[in-house]
$ cat final_1.csv   # CSV, C-alpha atoms and all ligand atoms
chain,number,residue,atom,x,y,z
Z,1,MET,CA,189.4,67.2,226.1
Z,2,GLU,CA,189.6,63.5,226.9
Z,3,THR,CA,187.6,63.8,230.2
Z,4,LEU,CA,185.2,66.2,228.5
Z,5,ILE,CA,184.3,63.6,225.8
Z,6,GLN,CA,184.4,60.7,228.2
Z,7,SER,CA,182.0,62.2,230.6
Z,8,TRP,CA,179.5,63.4,227.9
Z,9,ASP,CA,176.3,61.4,227.3
Z,10,GLY,CA,176.1,62.4,223.7
Z,11,GLU,CA,176.8,60.3,220.6
Z,12,SER,CA,179.9,61.7,219.0
Z,13,VAL,CA,182.1,64.7,218.3
Z,14,ILE,CA,183.8,65.5,215.1
Z,15,SER,CA,186.6,68.0,214.7
Z,16,ARG,CA,188.7,69.6,212.1
Z,17,PHE,CA,191.3,72.3,212.2
Z,18,ASP,CA,191.0,74.8,209.3
Z,19,ARG,CA,194.6,75.8,208.8
Z,20,GLU,CA,194.0,78.6,206.3
Z,21,SER,CA,192.1,80.7,208.9
Z,22,GLY,CA,193.3,79.1,212.1
Z,23,THR,CA,189.8,78.0,213.1
Z,24,TRP,CA,188.9,74.9,215.2
Z,25,MET,CA,185.7,73.5,213.8
Z,26,PHE,CA,183.7,71.2,216.1
Z,27,ILE,CA,180.4,69.3,215.5
Z,28,ALA,CA,178.8,67.8,218.5
Z,29,ILE,CA,176.1,65.2,217.9
Z,30,HIS,CA,174.1,64.6,221.1
Z,31,SER,CA,171.3,62.4,220.0
Z,32,THR,CA,169.9,61.0,216.7
Z,33,ALA,CA,167.1,59.1,218.5
Z,34,LEU,CA,164.4,61.4,217.0
Z,35,GLY,CA,166.1,62.1,213.6
Z,36,VAL,CA,169.1,63.6,211.9
Z,37,ALA,CA,171.2,65.9,214.1
Z,38,THR,CA,170.2,69.5,213.3
Z,39,GLY,CA,171.3,72.7,215.0
Z,40,GLY,CA,172.9,76.0,214.3
Z,41,THR,CA,176.5,76.9,213.6
Z,42,ARG,CA,178.0,79.3,216.1
Z,43,LEU,CA,181.0,81.4,215.2
Z,44,LYS,CA,182.9,82.9,218.1
Z,45,SER,CA,186.4,83.2,219.5
Z,46,TYR,CA,186.8,81.1,222.6
Z,47,PRO,CA,189.7,81.2,225.1
Z,48,THR,CA,190.7,77.6,224.2
Z,49,PRO,CA,189.5,74.9,221.8
Z,50,ARG,CA,188.3,72.9,224.8
Z,51,ASP,CA,185.9,75.8,225.7
Z,52,ALA,CA,184.6,75.7,222.1
Z,53,LEU,CA,184.0,71.9,222.2
Z,54,PHE,CA,182.4,72.2,225.6
Z,55,ASP,CA,180.0,74.8,224.3
Z,56,ALA,CA,179.2,72.7,221.2
Z,57,MET,CA,178.4,69.7,223.4
Z,58,ARG,CA,176.1,71.7,225.8
Z,59,LEU,CA,174.3,73.4,222.9
Z,60,ALA,CA,173.9,70.1,221.1
Z,61,GLU,CA,172.2,68.6,224.1
Z,62,GLY,CA,169.9,71.7,224.2
Z,63,MET,CA,168.9,71.0,220.6
Z,64,THR,CA,167.9,67.4,221.5
Z,65,TYR,CA,165.5,68.7,224.0
Z,66,LYS,CA,164.3,71.6,221.7
Z,67,TRP,CA,163.3,69.1,219.0
Z,68,ALA,CA,161.8,66.7,221.5
Z,69,GLY,CA,159.8,69.6,223.1
Z,70,VAL,CA,158.2,70.5,219.8
Z,71,GLU,CA,157.9,66.9,218.6
Z,72,PHE,CA,159.8,67.5,215.4
Z,73,PRO,CA,161.6,64.5,213.8
Z,74,ARG,CA,165.1,65.9,214.4
Z,75,GLY,CA,168.0,65.1,216.6
Z,76,GLY,CA,170.3,67.3,218.7
Z,77,GLY,CA,173.5,68.6,217.2
Z,78,LYS,CA,175.5,71.9,217.1
Z,79,ALA,CA,178.6,73.2,215.4
Z,80,VAL,CA,181.1,75.7,216.7
Z,81,LEU,CA,183.6,77.5,214.6
Z,82,ASN,CA,186.2,78.8,217.0
Z,83,ILE,CA,187.9,81.6,215.1
Z,84,SER,CA,191.2,82.9,216.3
Z,85,GLU,CA,191.3,86.4,217.9
Z,86,VAL,CA,193.1,87.7,214.8
Z,87,PHE,CA,190.5,86.3,212.4
Z,88,ASP,CA,190.2,88.7,209.5
Z,89,PRO,CA,186.8,89.3,207.9
Z,90,SER,CA,188.3,88.6,204.5
Z,91,GLN,CA,188.8,85.0,205.6
Z,92,ARG,CA,185.1,84.5,206.2
Z,93,GLU,CA,184.0,83.5,202.7
Z,94,GLY,CA,186.8,80.8,202.4
Z,95,LEU,CA,186.1,79.4,205.9
Z,96,MET,CA,182.4,79.1,205.2
Z,97,SER,CA,182.9,77.4,201.9
Z,98,ARG,CA,185.4,74.9,203.3
Z,99,TYR,CA,183.1,74.2,206.3
Z,100,GLY,CA,180.2,73.5,203.8
Z,101,GLN,CA,182.5,71.2,201.9
Z,102,TRP,CA,183.4,69.4,205.1
Z,103,LEU,CA,179.7,68.9,206.0
Z,104,ALA,CA,179.1,67.4,202.5
Z,105,ASP,CA,182.1,65.1,203.0
Z,106,LEU,CA,180.5,63.9,206.3
Z,107,HIS,CA,177.5,62.7,204.3
Z,108,ALA,CA,174.9,64.9,205.9
Z,109,ILE,CA,175.4,63.5,209.4
Z,110,PHE,CA,174.5,67.0,210.6
Z,111,GLU,CA,172.3,69.7,209.1
Z,112,THR,CA,172.7,73.2,210.1
Z,113,GLY,CA,171.4,76.8,210.1
Z,114,PRO,CA,172.3,80.2,211.6
Z,115,ASP,CA,173.2,80.8,215.2
Z,116,LEU,CA,175.1,83.3,217.3
Z,117,GLY,CA,177.8,84.9,215.1
Z,118,THR,CA,176.5,83.6,211.8
Z,119,THR,CA,173.9,85.0,209.4
Z,120,SER,CA,171.8,84.1,206.4
Z,121,SER,CA,174.7,85.1,204.0
Z,122,ASP,CA,177.0,82.7,205.8
Z,123,MET,CA,174.4,80.0,205.2
Z,124,ALA,CA,174.5,80.8,201.4
Z,125,LEU,CA,178.3,80.3,201.5
Z,126,ILE,CA,178.0,77.0,203.2
Z,127,ARG,CA,175.4,76.0,200.7
Z,128,ARG,CA,177.9,76.2,197.9
Z,129,GLY,CA,179.2,72.8,199.1
Z,130,PHE,CA,176.3,71.3,201.0
Z,131,ASN,CA,172.5,71.7,200.8
Z,132,GLY,CA,171.5,70.5,204.3
Z,133,VAL,CA,171.4,74.2,205.3
Z,134,PHE,CA,168.5,76.1,206.7
Z,135,GLY,CA,168.0,79.9,206.8
Z,136,CYS,CA,169.6,80.9,203.5
Z,137,PRO,CA,168.5,84.2,202.1
Z,138,LEU,CA,165.2,84.2,200.1
Z,139,ASP,CA,167.0,84.5,196.7
Z,140,PHE,CA,168.9,81.3,197.6
Z,141,GLY,CA,165.8,79.4,198.2
Z,142,GLY,CA,165.8,79.7,202.0
Z,143,MET,CA,163.5,81.5,204.5
Z,144,GLY,CA,166.1,84.0,205.7
Z,145,ASP,CA,166.9,85.1,209.3
Z,146,PRO,CA,164.9,83.1,211.9
Z,147,GLY,CA,165.6,85.7,214.7
Z,148,PRO,CA,162.1,87.4,214.4
Z,149,TYR,CA,160.4,84.0,214.8
Z,150,THR,CA,162.5,83.1,217.8
Z,151,ALA,CA,161.5,86.4,219.2
Z,152,LEU,CA,157.8,85.7,218.5
Z,153,GLY,CA,158.1,82.5,220.5
Z,154,VAL,CA,159.9,84.2,223.3
Z,155,PHE,CA,157.3,86.9,223.4
Z,156,SER,CA,154.5,84.3,223.6
Z,157,GLY,CA,156.5,82.6,226.4
Z,158,ILE,CA,156.9,85.9,228.3
Z,159,ARG,CA,153.2,86.6,228.1
Z,160,ALA,CA,152.3,83.1,229.4
Z,161,SER,CA,154.8,83.5,232.2
Z,162,CYS,CA,153.4,86.9,233.2
Z,163,GLU,CA,149.9,85.4,233.1
Z,164,ARG,CA,151.0,82.6,235.4
Z,165,ARG,CA,152.8,84.9,237.8
Z,166,PHE,CA,150.7,88.0,237.8
Z,167,ASN,CA,147.3,86.5,236.8
Z,168,SER,CA,146.8,88.9,234.0
Z,169,LEU,CA,147.2,88.8,230.2
Z,170,ASP,CA,147.7,92.5,230.1
Z,171,MET,CA,151.4,93.4,229.9
Z,172,ILE,CA,151.0,97.2,230.0
Z,173,GLY,CA,153.6,98.8,232.2
Z,174,LEU,CA,155.5,95.6,233.1
Z,175,SER,CA,159.2,96.3,233.2
Z,176,ILE,CA,161.3,94.0,231.1
Z,177,LEU,CA,165.1,93.9,230.9
Z,178,VAL,CA,166.4,92.5,227.7
Z,179,GLN,CA,170.0,91.3,227.8
Z,180,GLY,CA,171.5,91.4,224.2
Z,181,VAL,CA,170.0,93.2,221.3
Z,182,GLY,CA,171.1,90.9,218.5
Z,183,SER,CA,168.9,89.0,216.0
Z,184,VAL,CA,166.5,87.9,218.7
Z,185,GLY,CA,166.7,90.6,221.3
Z,186,LYS,CA,166.0,93.4,218.9
Z,187,PRO,CA,162.7,92.1,217.4
Z,188,LEU,CA,161.7,91.0,220.9
Z,189,ILE,CA,162.0,94.6,222.1
Z,190,HIS,CA,159.6,95.7,219.3
Z,191,LEU,CA,157.0,93.1,220.3
Z,192,LEU,CA,157.3,94.1,224.0
Z,193,LEU,CA,156.9,97.8,223.2
Z,194,GLU,CA,153.8,97.1,221.1
Z,195,ALA,CA,152.3,95.3,224.1
Z,196,GLY,CA,152.9,98.3,226.3
Z,197,CYS,CA,155.9,97.1,228.3
Z,198,GLU,CA,158.5,99.3,229.8
Z,199,VAL,CA,161.7,98.0,228.2
Z,200,LYS,CA,165.3,98.4,229.4
Z,201,PHE,CA,168.3,96.8,227.6
Z,202,SER,CA,171.9,95.8,228.0
Z,203,ASP,CA,174.6,94.8,225.5
Z,204,LEU,CA,178.3,94.7,225.2
Z,205,ASP,CA,178.7,96.2,221.7
Z,206,SER,CA,178.9,100.0,221.7
Z,207,ALA,CA,177.6,100.3,218.1
Z,208,ARG,CA,174.5,98.3,218.9
Z,209,ILE,CA,173.9,100.2,222.2
Z,210,ASP,CA,174.0,103.5,220.4
Z,211,LYS,CA,171.7,102.3,217.8
Z,212,VAL,CA,169.0,101.1,220.2
Z,213,ARG,CA,169.4,104.2,222.3
Z,214,GLN,CA,168.9,106.5,219.4
Z,215,GLU,CA,166.2,104.6,217.5
Z,216,LEU,CA,164.1,103.6,220.4
Z,217,GLY,CA,165.2,105.9,223.2
Z,218,LEU,CA,165.3,103.0,225.7
Z,219,SER,CA,167.3,103.1,228.9
Z,220,PHE,CA,170.5,101.2,229.0
Z,221,VAL,CA,171.7,99.1,231.9
Z,222,GLU,CA,175.5,98.6,232.2
Z,223,PRO,CA,176.5,94.9,231.7
Z,224,GLU,CA,177.9,94.6,235.2
Z,225,ALA,CA,174.6,95.9,236.7
Z,226,VAL,CA,172.2,93.6,234.8
Z,227,TYR,CA,171.7,90.9,237.4
Z,228,GLY,CA,170.9,93.3,240.2
Z,229,GLU,CA,168.6,95.5,238.2
Z,230,PRO,CA,165.0,95.5,239.5
Z,231,CYS,CA,162.5,94.4,236.8
Z,232,ASP,CA,159.5,92.2,236.4
Z,233,VAL,CA,161.0,90.0,233.7
Z,234,PHE,CA,164.6,89.4,233.0
Z,235,ALA,CA,165.0,88.2,229.3
Z,236,PRO,CA,168.5,86.9,228.6
Z,237,CYS,CA,169.0,87.0,224.8
Z,238,ALA,CA,172.8,86.8,224.5
Z,239,THR,CA,175.2,84.0,225.5
Z,240,GLY,CA,174.7,81.1,227.9
Z,241,GLY,CA,175.7,80.2,231.4
Z,242,ILE,CA,174.6,83.5,232.8
Z,243,LEU,CA,172.3,82.0,235.5
Z,244,ASN,CA,174.7,80.7,238.1
Z,245,ALA,CA,175.7,80.7,241.8
Z,246,LYS,CA,177.1,84.2,241.4
Z,247,THR,CA,174.2,85.9,239.5
Z,248,ILE,CA,171.1,84.1,240.9
Z,249,PRO,CA,171.4,85.6,244.4
Z,250,GLN,CA,171.5,89.1,242.9
Z,251,LEU,CA,168.3,88.8,240.7
Z,252,LYS,CA,165.5,91.3,241.5
Z,253,CYS,CA,163.0,90.0,239.1
Z,254,SER,CA,159.9,87.7,239.3
Z,255,ILE,CA,160.4,85.9,236.0
Z,256,VAL,CA,163.4,84.8,233.9
Z,257,ALA,CA,162.3,84.3,230.3
Z,258,GLY,CA,164.5,84.9,227.3
Z,259,GLY,CA,165.9,83.6,224.0
Z,260,ALA,CA,169.4,82.6,224.8
Z,261,ASN,CA,170.5,79.0,224.7
Z,262,ASN,CA,171.8,77.2,227.8
Z,263,GLN,CA,171.0,80.0,230.2
Z,264,LEU,CA,171.6,77.8,233.3
Z,265,GLU,CA,175.3,77.2,234.1
Z,266,GLY,CA,174.4,73.8,235.6
Z,267,SER,CA,171.2,71.9,236.3
Z,268,GLN,CA,171.4,72.9,240.0
Z,269,ASP,CA,170.8,76.5,238.9
Z,270,GLY,CA,167.3,75.6,237.8
Z,271,GLU,CA,166.7,74.5,241.4
Z,272,ALA,CA,168.3,77.7,242.8
Z,273,LEU,CA,165.8,79.8,240.8
Z,274,HIS,CA,163.0,77.7,242.0
Z,275,GLN,CA,164.1,78.1,245.6
Z,276,ARG,CA,164.2,81.9,245.1
Z,277,ASP,CA,160.6,81.7,243.8
Z,278,ILE,CA,161.7,83.1,240.4
Z,279,LEU,CA,159.6,81.6,237.6
Z,280,TYR,CA,162.0,80.3,235.0
Z,281,ALA,CA,161.0,79.6,231.4
Z,282,PRO,CA,163.2,76.6,230.3
Z,283,ASP,CA,165.4,78.0,227.4
Z,284,TYR,CA,165.0,75.2,224.9
Z,285,ILE,CA,161.2,75.4,225.2
Z,286,ILE,CA,160.8,79.2,225.0
Z,287,ASN,CA,163.5,79.8,222.3
Z,288,ALA,CA,162.3,77.0,219.8
Z,289,GLY,CA,160.6,79.5,217.5
Z,290,GLY,CA,163.5,80.0,215.0
Z,291,ALA,CA,164.1,76.2,214.8
Z,292,ILE,CA,160.3,75.6,214.3
Z,293,PHE,CA,160.1,78.2,211.6
Z,294,LEU,CA,163.1,77.1,209.5
Z,295,VAL,CA,162.6,73.4,209.7
Z,296,SER,CA,158.8,73.4,209.2
Z,297,THR,CA,158.8,75.9,206.3
Z,298,GLU,CA,161.9,74.6,204.6
Z,299,SER,CA,161.6,70.9,205.0
Z,300,MET,CA,158.0,70.0,206.2
Z,301,GLY,CA,156.0,71.9,203.7
Z,302,TRP,CA,154.3,74.3,206.2
Z,303,ASP,CA,153.4,77.8,205.2
Z,304,ILE,CA,154.4,80.8,207.3
Z,305,SER,CA,151.0,81.2,209.0
Z,306,LYS,CA,151.0,77.5,210.2
Z,307,ALA,CA,154.5,78.0,211.5
Z,308,ARG,CA,153.5,81.2,213.3
Z,309,ASP,CA,150.6,79.5,215.0
Z,310,ARG,CA,152.8,76.7,216.1
Z,311,ILE,CA,155.4,79.2,217.5
Z,312,VAL,CA,152.7,81.1,219.4
Z,313,GLU,CA,151.7,77.7,221.0
Z,314,ILE,CA,155.0,77.8,222.9
Z,315,GLY,CA,153.2,79.9,225.5
Z,316,ASN,CA,150.7,77.1,226.1
Z,317,THR,CA,153.5,74.5,226.4
Z,318,LEU,CA,155.1,76.6,229.0
Z,319,LYS,CA,151.8,76.9,230.9
Z,320,ASP,CA,151.6,73.1,230.9
Z,321,ILE,CA,155.1,72.9,232.2
Z,322,TYR,CA,154.5,75.4,235.0
Z,323,ALA,CA,151.3,73.6,236.0
Z,324,HIS,CA,153.1,70.2,236.0
Z,325,ALA,CA,155.9,71.6,238.1
Z,326,GLU,CA,153.6,73.1,240.7
Z,327,LYS,CA,151.5,69.9,240.9
Z,328,HIS,CA,154.6,67.8,241.6
Z,329,GLY,CA,156.5,70.4,243.7
Z,330,ILE,CA,159.4,70.5,241.3
Z,331,SER,CA,161.2,73.2,239.4
Z,332,SER,CA,160.1,74.2,235.9
Z,333,THR,CA,163.6,73.0,234.8
Z,334,GLU,CA,162.9,69.6,236.1
Z,335,ALA,CA,159.4,69.5,234.6
Z,336,ALA,CA,160.7,70.4,231.1
Z,337,GLU,CA,163.4,67.8,231.4
Z,338,GLU,CA,160.9,65.2,232.3
Z,339,LEU,CA,158.9,66.0,229.2
Z,340,ALA,CA,161.8,66.3,226.7
Z,341,LYS,CA,163.9,63.4,228.1
Z,342,GLY,CA,160.8,61.2,228.3
Z,343,ARG,CA,160.2,61.7,224.6
Z,344,VAL,CA,163.8,60.9,223.7
Z,345,LYS,CA,163.8,57.8,225.9
Z,346,HIS,CA,160.6,56.6,224.3
Z,347,ALA,CA,162.1,57.0,220.8
Z,348,VAL,CA,165.3,55.1,221.9
Z,349,LEU,CA,163.2,52.2,223.3
Z,350,LYS,CA,161.1,52.1,220.2
Z,351,LYS,CA,164.2,51.9,218.0
Z,352,HIS,CA,165.5,49.0,220.1
Z,353,THR,CA,162.3,47.0,219.9
Z,354,GLU,CA,162.1,47.6,216.2
Z,355,ASN,CA,165.6,46.3,215.7
B,401,LIG,N1,170.3,78.4,216.1
B,401,LIG,C1,168.9,78.5,216.4
B,401,LIG,C2,168.6,77.7,217.6
B,401,LIG,O1,169.4,77.4,218.4
B,401,LIG,C3,168.0,78.2,215.2
B,401,LIG,C4,168.2,77.0,214.4
B,401,LIG,C5,167.8,75.8,214.8
B,401,LIG,C6,168.8,77.1,213.2
B,401,LIG,C7,168.0,74.7,214.0
B,401,LIG,C8,168.9,76.0,212.4
B,401,LIG,C9,168.5,74.8,212.8
B,401,LIG,O2,167.5,77.2,217.8
$ encode --input "final_1.csv" --output "structure tokens"
Amino acid sequence: METLIQSWDGESVISRFDRESGTWMFIAIHSTALGVATGGTRLKSYPTPRDALFDAMRLAEGMTYKWAGVEFPRGGGKAVLNISEVFDPSQREGLMSRYGQWLADLHAIFETGPDLGTTSSDMALIRRGFNGVFGCPLDFGGMGDPGPYTALGVFSGIRASCERRFNSLDMIGLSILVQGVGSVGKPLIHLLLEAGCEVKFSDLDSARIDKVRQELGLSFVEPEAVYGEPCDVFAPCATGGILNAKTIPQLKCSIVAGGANNQLEGSQDGEALHQRDILYAPDYIINAGGAIFLVSTESMGWDISKARDRIVEIGNTLKDIYAHAEKHGISSTEAAEELAKGRVKHAVLKKHTEN
């Protein structure tokens, strides 16, 4: 863990071991240049605490660029609750309450919301001790699950990417493979079907698989076969790191555009996609819809329709990034980084001159 922290360009990491449930809790604060560190809380069982910390750090960095990309006054942070393999669901309520209390003790250095593995009801439990929480259920004063809004932004991004690649706004008959049918993948599938796409899906959870098969009658792709499956658009909506030296050579798609965070294993993988002439929608740009929705409606006074309009704008942001990348002969990954990192740098410089 020493080398991990030493080699990170973020601001700080905070950790605590929750003895009662055997959970390692990590908060990674990547940058507060644009505002208070804000990001989801992920709950997952990792092979080692180091893996959990590493994930929190990478996700926190993604949040910095996500906020910079949408020009919201927020900084990049993320929390990971690394539950043990034998975590019992009955421990959940206690863990969430203690975690909320810890956040309060940290004097709101980090504000949070739902992420992979956590839901609106978890946010309500965290809120018992701490009110810097987004995405609580409606009857707790929150705006609920942001998943459908993340999906709306991803849909807008897929449409813009298809327009760019196929020169047509019409998505009828395009084949789209959605990896992961959770809180983002599922509503995304509905939007794609409404637009007339041919949708296939994959997931690891047998209950979810059966449900989507029965409810929507979609064809299922085995998890091992996902990367080599021919399709127009591959939409990763599950965990990160899935675009790497092993999977990229297998891809048989024209576009990668999905809702998962940290899709690239390393920054060289953005270049690898570019070399293969696969159009890649940078994750923190295309998946910002949920973050836009929660923060704008819960803390910036926007109504839902204004938030929706802003989320649909994600498609235009992507078009600008693609155009910039082409003009300068760089990958979309590099073009997005230039945009987001440029804004963070500008804020840091401004802070220095003000001091
Ligand atoms: N966890 C989601 C994301 O990665 C949404 C979210 C963002 C929730 C910020 C709360 C705060 O974008």
$ residues_near_ligand --input "final_1.csv" --ligand "ligand LIG 401 (chain B)" --cutoff "8 Å" --atoms "only C-alpha atoms and all ligand atoms" --output "ChimeraX atom specification"
/Z:38-42,59,63,66,111-116,133-135,146-147,150,261,284,287-292,294-295
$ residues_around --input "final_1.csv" --residues "Val181 (chain Z)" --least-positions-apart "3" --cutoff "9 Å" --atoms "all atoms listed in the file" --output "PyMOL selection string"
chain Z and resi 178+184-189+201-203+208-209+212+237-238
$ closest_atom_pairs --input "final_1.csv" --of "region 42-141 of chain Z" --to "region 303-312 of chain Z" --cutoff "12 Å" --atoms "all atoms listed in the file" --output "JSON lines"
{"residue": "Z:Gly69", "atom": "CA", "partner": "Z:Ile311", "partner_atom": "CA", "distance": 12.0}
{"residue": "Z:Val70", "atom": "CA", "partner": "Z:Arg310", "partner_atom": "CA", "distance": 9.0}
{"residue": "Z:Glu71", "atom": "CA", "partner": "Z:Arg310", "partner_atom": "CA", "distance": 11.3}
{"residue": "Z:Phe72", "atom": "CA", "partner": "Z:Arg310", "partner_atom": "CA", "distance": 11.6}
$ closest_residue --input "final_1.csv" --among "Z:Lys211, Z:Arg98, Z:His274, Z:Arg127" --to "Ala325 (chain Z)" --atoms "all atoms listed in the file"
Z:His274
$ atom_distance --input "final_1.csv" --atom1 "CA of Glu85 (chain Z)" --atom2 "CA of Leu43 (chain Z)"
11.8 Å
$ closest_residue --input "final_1.csv" --among "Z:Pro223, Z:Gly240, Z:Pro148, Z:Gly94" --to "Glu265 (chain Z)" --atoms "only C-alpha atoms"
Z:Gly240
$ atom_distance --input "final_1.csv" --atom1 "CA of Asp18 (chain Z)" --atom2 "CA of Ser45 (chain Z)"
14.0 Å
$ residues_around --input "final_1.csv" --residues "Thr3 (chain Z)" --least-positions-apart "5" --cutoff "12 Å" --atoms "only C-alpha atoms" --output "short mmCIF file (atom, residue, chain, number, x, y, z; two decimals) with C-alpha atoms, in the coordinates of the input"
data_model
loop_
_atom_site.label_atom_id
_atom_site.label_comp_id
_atom_site.auth_asym_id
_atom_site.auth_seq_id
_atom_site.Cartn_x
_atom_site.Cartn_y
_atom_site.Cartn_z
CA TRP Z 8 179.50 63.40 227.90
CA ASP Z 9 176.30 61.40 227.30
CA ARG Z 50 188.30 72.90 224.80
CA LEU Z 53 184.00 71.90 222.20
CA PHE Z 54 182.40 72.20 225.60
#
$ decode --input "final_1.csv" --residues "region 320-327 of chain Z" --atoms "all heavy atoms" --output "short mmCIF file (atom, residue, chain, number, x, y, z; two decimals), in the first residue's frame"
data_model
loop_
_atom_site.label_atom_id
_atom_site.label_comp_id
_atom_site.auth_asym_id
_atom_site.auth_seq_id
_atom_site.Cartn_x
_atom_site.Cartn_y
_atom_site.Cartn_z
N ASP Z 320 -17.97 17.00 -29.73
CA ASP Z 320 -16.86 17.96 -29.71
C ASP Z 320 -15.53 17.25 -29.46
O ASP Z 320 -14.51 17.58 -30.07
CB ASP Z 320 -17.08 19.01 -28.59
CG ASP Z 320 -18.27 19.92 -28.90
OD1 ASP Z 320 -18.72 19.93 -30.06
OD2 ASP Z 320 -18.73 20.60 -27.96
N ILE Z 321 -15.56 16.28 -28.54
CA ILE Z 321 -14.33 15.55 -28.22
C ILE Z 321 -13.86 14.74 -29.44
O ILE Z 321 -12.67 14.75 -29.79
CB ILE Z 321 -14.57 14.63 -27.00
CG1 ILE Z 321 -14.65 15.50 -25.74
CG2 ILE Z 321 -13.46 13.57 -26.86
CD1 ILE Z 321 -15.10 14.77 -24.49
N TYR Z 322 -14.79 14.08 -30.11
CA TYR Z 322 -14.42 13.31 -31.31
C TYR Z 322 -13.84 14.23 -32.39
O TYR Z 322 -12.86 13.88 -33.06
CB TYR Z 322 -15.64 12.57 -31.88
CG TYR Z 322 -16.19 11.47 -30.99
CD1 TYR Z 322 -17.56 11.19 -30.96
CD2 TYR Z 322 -15.35 10.71 -30.17
CE1 TYR Z 322 -18.08 10.18 -30.15
CE2 TYR Z 322 -15.87 9.70 -29.35
CZ TYR Z 322 -17.23 9.45 -29.35
OH TYR Z 322 -17.74 8.46 -28.56
N ALA Z 323 -14.46 15.39 -32.55
CA ALA Z 323 -13.99 16.32 -33.59
C ALA Z 323 -12.59 16.83 -33.24
O ALA Z 323 -11.70 16.91 -34.10
CB ALA Z 323 -14.96 17.49 -33.73
N HIS Z 324 -12.38 17.15 -31.96
CA HIS Z 324 -11.08 17.64 -31.51
C HIS Z 324 -10.01 16.55 -31.70
O HIS Z 324 -8.90 16.84 -32.16
CB HIS Z 324 -11.18 18.04 -30.03
CG HIS Z 324 -9.91 18.57 -29.46
ND1 HIS Z 324 -9.54 19.89 -29.59
CD2 HIS Z 324 -8.92 17.97 -28.76
CE1 HIS Z 324 -8.38 20.08 -29.00
NE2 HIS Z 324 -7.97 18.93 -28.48
N ALA Z 325 -10.38 15.31 -31.38
CA ALA Z 325 -9.44 14.20 -31.51
C ALA Z 325 -9.03 14.02 -32.97
O ALA Z 325 -7.84 13.88 -33.29
CB ALA Z 325 -10.07 12.91 -30.98
N GLU Z 326 -10.00 14.09 -33.85
CA GLU Z 326 -9.69 13.89 -35.27
C GLU Z 326 -8.80 15.01 -35.80
O GLU Z 326 -7.81 14.77 -36.49
CB GLU Z 326 -10.99 13.83 -36.08
CG GLU Z 326 -10.70 13.72 -37.57
CD GLU Z 326 -11.92 13.28 -38.36
OE1 GLU Z 326 -12.73 14.11 -38.76
OE2 GLU Z 326 -12.05 12.12 -38.59
N LYS Z 327 -9.15 16.23 -35.41
CA LYS Z 327 -8.39 17.39 -35.88
C LYS Z 327 -6.92 17.30 -35.50
O LYS Z 327 -6.03 17.67 -36.27
CB LYS Z 327 -9.03 18.65 -35.29
CG LYS Z 327 -8.50 19.93 -35.87
CD LYS Z 327 -9.31 21.13 -35.42
CE LYS Z 327 -8.47 22.39 -35.58
NZ LYS Z 327 -8.90 23.44 -34.66
#
